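Have a look at the structure below, then the notes.
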Amino acid sequence: MILAGQIIKRGDGVYLVRVYLGKEGGKRKYHNKTIHGNKKDAERYRNKVLRERDTGTFIKPSKELLGPYLERWLKTAVEPRVAASTFISYSNYVSCYLVPALGDKILSELEPLELQEFYNSLTNRGISPKTVKNIHCVLNNALNQAVKWELITKNPSSLVDLPKKKSKEMRPLNPDEAARFMEAIDYSPWKAFFSLLLASGMRPGEALGLKWQDIDFKKGRVHVQRALSTTKQGWRLEDTKTPQSRRSIPLPPSVMKALDEHKVNQATVKLNSEKYNDYGLVFAGKTGDPPDYRNIYKRHFKQILEDAELPSIKLYDLRHTCATLLLSAGEHPKIVSERLGHSSVTLTLDTYSHVLPDMQTAATEKLEGMLFEPDAHKGTQKG
């Protein structure tokens with residue numbers, strides 16, 4: 001009976017599933033699908049379509065290829081709502097990885113096993129787990145949108161296992177090294193920038209995106225509102241990474257003093273410059289434009305580390321140093337998380353789990369004093 005769905009054998013291991021969908025414009029509509037497998041495979045597919053038809057959830061599979069769909073998705077759903085740098089990153093993952101490997105696949109026929117094999121092949125090529133995860137994120141978002149647009153019924157990438165992510169390597173400075181670093185930057189033209197990164201825990205891009213209106217010299221605070229983004233097309237100021245990244249950070253008096261001195265020096269540069277593009281940036285080059293992040297590292301930061309005989313670290317490690325020093329000193333993780341602009345305390349603790357053993361040791365010593373040396377504890381309280 002047609003209403004129950006037909007299974008027609010077309011050859012060895014080939015079956016045509018034909019399901020009646022109803023009438024449209026006085027004409028009968030059918031869904032036809034060729035199944036390569038055995039009869040039970042065909043029956044399972046027929047029953048699935050019938051179930052979805054009867055519950056009103058059936059979506060006629062799109063015949064669009066993944067490659068063209070991804071290009072349409074980028075233009076329609078991604079570009080209007082993300083930062084320029086994010087759009088470029090998504091586009092690169094699509095053009096370099098997804099289209100070459102999967103671009104000629106029919107969107108509605110993508111299978112989890114096929115995607116799993118694709119991710120495994122990337123790993124076998126030596127692509128890092130982080131990059132594979134980013135590629136998956138792009139594809140997963142694109143296929144979620146395809147579900148919303150009713151091009152496919154479910155997202156096959158949601159059923160795939162990703163390679164285990166390696167711990168992100170970081171090398172924070174210890175207290176002695178941090179003190180030596182602060183001494184070494186005393187005469188650097190980037191003293192204010194380096195001391196701000198170390199004391200605030202800001203991301204370098206957030207610091208380079210600061211405007212003087214974001215510095216409250218009276219209250220000793222910096223308000224993080226945006227971040228500097230650079231691409232091949234130029235630079236732009238964009239919203240912070242997450243809503244939690246928009247934050248107000250109290251700064252030590254020494255850092256505020258360094259910022260004040262830096263502002264005076266910048267005013268001198270403006271007066272002596274024939275053409276200064278004043279964007280109001282706290283950290284700017286001689287023309288007022290944002291400085292080159294790589295030049296700061298190569299020409300200044302790296303040299304300071306060598307002169308002070310400090311380990312070779314990244315600028316971003318100053319952020320890690322700030323967090324590590326605060327946690328090691330017993331500061332509450334919630335306070336540290338807010339200072340860093342993390343989305344949750346869990347993220348902070350996961351990122352800086354290497355500090356937890358020392359914190360546990362300190363907690364154990366406190367318990368020893370409170371539970372097993374009560375007299376000594378009371379004496380301390382009375383004193």
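Chain labels run A, B, ... following the order of the structure tokens; each chain numbers its residues from 1, and ligands are numbered from 1 in the order shown.
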
Problem set entry | Polymer residues at most 12 Å from range 153-164 of chain A, only C-alpha atoms, same-chain spacing of 6 or more positions, as a PyMOL selection string | chain A and resi 48-49+52+56-62+107-124+126-147

Where does range 217-333 of chain A meet range 170-192 of chain A within 9 Å, residue by residue, with the nearest atom pair and distance in Å to one decimal for each, counting only C-alpha atoms, listed by chain and rising number, as a tab-separated table?
residue	atom	partner	partner_atom	distance
A:Val255	CA	A:Ala192	CA	6.8
A:Met256	CA	A:Ala192	CA	8.4
A:Lys257	CA	A:Ala192	CA	8.6
A:Ala258	CA	A:Ala192	CA	5.0
A:Leu259	CA	A:Ala192	CA	5.3
A:Asp260	CA	A:Ala192	CA	8.7
A:Glu261	CA	A:Ala192	CA	8.3
A:His262	CA	A:Ala192	CA	6.5
A:Phe283	CA	A:Trp190	CA	8.8
A:Ile296	CA	A:Trp190	CA	8.1
A:His300	CA	A:Trp190	CA	7.7
A:Phe301	CA	A:Trp190	CA	8.6
A:Ile304	CA	A:Ala184	CA	6.4
A:Leu305	CA	A:Phe181	CA	7.3
A:Asp307	CA	A:Ala184	CA	7.8
A:Ala308	CA	A:Ala184	CA	6.2
A:Leu310	CA	A:Glu177	CA	6.8
A:Pro311	CA	A:Leu173	CA	8.2
A:Ser312	CA	A:Arg171	CA	8.6
A:Ile313	CA	A:Arg171	CA	6.3
A:Lys314	CA	A:Arg171	CA	8.1
A:Tyr316	CA	A:Met170	CA	8.7
A:Asp317	CA	A:Pro172	CA	5.4
A:Leu318	CA	A:Pro172	CA	6.7
A:Arg319	CA	A:Pro172	CA	8.1
A:His320	CA	A:Pro172	CA	5.5
A:Thr321	CA	A:Pro172	CA	4.3
A:Cys322	CA	A:Pro172	CA	8.1
A:Ala323	CA	A:Pro172	CA	8.9
A:Thr324	CA	A:Pro172	CA	7.1
A:Leu325	CA	A:Pro175	CA	6.9

Using the selection just defined, write its residues with N, CA and C atoms as a JSON list (two decimals), in the first residue's frame.
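So part_13.json came out as:
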[["chain", "number", "residue", "atom", "x", "y", "z"],
["A", 255, "VAL", "N", 51.39, 51.18, 38.88],
["A", 255, "VAL", "CA", 50.98, 51.05, 37.49],
["A", 255, "VAL", "C", 50.28, 52.33, 37.03],
["A", 256, "MET", "N", 49.46, 52.91, 37.89],
["A", 256, "MET", "CA", 48.80, 54.16, 37.54],
["A", 256, "MET", "C", 49.83, 55.26, 37.31],
["A", 257, "LYS", "N", 50.88, 55.27, 38.11],
["A", 257, "LYS", "CA", 51.95, 56.25, 37.92],
["A", 257, "LYS", "C", 52.65, 56.06, 36.58],
["A", 258, "ALA", "N", 52.89, 54.80, 36.22],
["A", 258, "ALA", "CA", 53.53, 54.51, 34.93],
["A", 258, "ALA", "C", 52.65, 54.95, 33.78],
["A", 259, "LEU", "N", 51.34, 54.77, 33.90],
["A", 259, "LEU", "CA", 50.41, 55.20, 32.87],
["A", 259, "LEU", "C", 50.38, 56.72, 32.75],
["A", 260, "ASP", "N", 50.44, 57.39, 33.89],
["A", 260, "ASP", "CA", 50.44, 58.85, 33.90],
["A", 260, "ASP", "C", 51.70, 59.39, 33.19],
["A", 261, "GLU", "N", 52.85, 58.80, 33.49],
["A", 261, "GLU", "CA", 54.10, 59.21, 32.84],
["A", 261, "GLU", "C", 54.05, 58.92, 31.34],
["A", 262, "HIS", "N", 53.45, 57.80, 31.00],
["A", 262, "HIS", "CA", 53.31, 57.44, 29.59],
["A", 262, "HIS", "C", 52.43, 58.44, 28.85],
["A", 283, "PHE", "N", 48.06, 53.15, 23.93],
["A", 283, "PHE", "CA", 49.32, 52.67, 23.37],
["A", 283, "PHE", "C", 49.28, 52.81, 21.85],
["A", 296, "ILE", "N", 56.65, 44.79, 19.27],
["A", 296, "ILE", "CA", 56.78, 44.96, 20.72],
["A", 296, "ILE", "C", 57.46, 43.75, 21.32],
["A", 300, "HIS", "N", 61.45, 44.63, 21.99],
["A", 300, "HIS", "CA", 61.46, 45.14, 23.37],
["A", 300, "HIS", "C", 61.34, 44.02, 24.41],
["A", 301, "PHE", "N", 60.22, 43.30, 24.36],
["A", 301, "PHE", "CA", 59.95, 42.28, 25.38],
["A", 301, "PHE", "C", 61.01, 41.19, 25.42],
["A", 304, "ILE", "N", 64.32, 42.44, 26.85],
["A", 304, "ILE", "CA", 64.26, 42.62, 28.31],
["A", 304, "ILE", "C", 64.46, 41.29, 29.02],
["A", 305, "LEU", "N", 63.82, 40.25, 28.52],
["A", 305, "LEU", "CA", 63.95, 38.92, 29.13],
["A", 305, "LEU", "C", 65.40, 38.43, 29.07],
["A", 307, "ASP", "N", 68.18, 40.31, 28.78],
["A", 307, "ASP", "CA", 69.04, 41.14, 29.63],
["A", 307, "ASP", "C", 68.88, 40.79, 31.11],
["A", 308, "ALA", "N", 67.67, 40.43, 31.51],
["A", 308, "ALA", "CA", 67.40, 40.10, 32.92],
["A", 308, "ALA", "C", 67.62, 38.61, 33.21],
["A", 310, "LEU", "N", 65.94, 36.06, 32.19],
["A", 310, "LEU", "CA", 64.66, 35.45, 32.51],
["A", 310, "LEU", "C", 64.30, 34.45, 31.41],
["A", 311, "PRO", "N", 63.46, 33.47, 31.72],
["A", 311, "PRO", "CA", 63.07, 32.48, 30.70],
["A", 311, "PRO", "C", 62.35, 33.14, 29.53],
["A", 312, "SER", "N", 62.46, 32.54, 28.36],
["A", 312, "SER", "CA", 61.79, 33.06, 27.17],
["A", 312, "SER", "C", 60.30, 32.72, 27.25],
["A", 313, "ILE", "N", 59.49, 33.74, 27.42],
["A", 313, "ILE", "CA", 58.04, 33.54, 27.54],
["A", 313, "ILE", "C", 57.33, 34.41, 26.51],
["A", 314, "LYS", "N", 56.03, 34.20, 26.39],
["A", 314, "LYS", "CA", 55.22, 35.01, 25.49],
["A", 314, "LYS", "C", 54.62, 36.18, 26.26],
["A", 316, "TYR", "N", 51.60, 36.91, 26.35],
["A", 316, "TYR", "CA", 50.38, 36.39, 26.97],
["A", 316, "TYR", "C", 50.68, 35.75, 28.32],
["A", 317, "ASP", "N", 51.93, 35.32, 28.52],
["A", 317, "ASP", "CA", 52.29, 34.68, 29.79],
["A", 317, "ASP", "C", 52.29, 35.67, 30.95],
["A", 318, "LEU", "N", 52.31, 36.97, 30.66],
["A", 318, "LEU", "CA", 52.18, 37.96, 31.74],
["A", 318, "LEU", "C", 50.78, 37.88, 32.35],
["A", 319, "ARG", "N", 49.81, 37.59, 31.52],
["A", 319, "ARG", "CA", 48.43, 37.37, 32.02],
["A", 319, "ARG", "C", 48.40, 36.14, 32.91],
["A", 320, "HIS", "N", 49.05, 35.07, 32.46],
["A", 320, "HIS", "CA", 49.11, 33.85, 33.26],
["A", 320, "HIS", "C", 49.86, 34.10, 34.57],
["A", 321, "THR", "N", 50.90, 34.92, 34.50],
["A", 321, "THR", "CA", 51.67, 35.23, 35.71],
["A", 321, "THR", "C", 50.81, 35.94, 36.74],
["A", 322, "CYS", "N", 50.02, 36.91, 36.28],
["A", 322, "CYS", "CA", 49.11, 37.64, 37.18],
["A", 322, "CYS", "C", 48.18, 36.68, 37.90],
["A", 323, "ALA", "N", 47.56, 35.78, 37.15],
["A", 323, "ALA", "CA", 46.61, 34.83, 37.74],
["A", 323, "ALA", "C", 47.30, 33.89, 38.71],
["A", 324, "THR", "N", 48.46, 33.39, 38.32],
["A", 324, "THR", "CA", 49.19, 32.43, 39.16],
["A", 324, "THR", "C", 49.64, 33.06, 40.47],
["A", 325, "LEU", "N", 50.16, 34.28, 40.39],
["A", 325, "LEU", "CA", 50.62, 34.97, 41.60],
["A", 325, "LEU", "C", 49.47, 35.21, 42.56]]

For this session: Write out as JSON, numbers by chain which residues come within 12 Å of Gly201 in chain A when counting only C-alpha atoms, dropping same-chain ones fewer than 3 positions away.
Result: {"A": [172, 193, 194, 195, 196, 197, 198, 204, 205, 206, 207, 222, 224, 245, 247, 248, 249, 250, 251, 315, 316, 317, 318, 319, 320, 321, 322, 323, 324, 325, 326, 335, 336, 337, 338, 339, 340, 341, 342]}

Problem set entry | Distance query Leu16 in chain A at most 12 Å, only C-alpha atoms, self and fewer than 5 positions along chain excluded, as a ChimeraX atom specification | /A:5-11,31-39,41-43,45-46
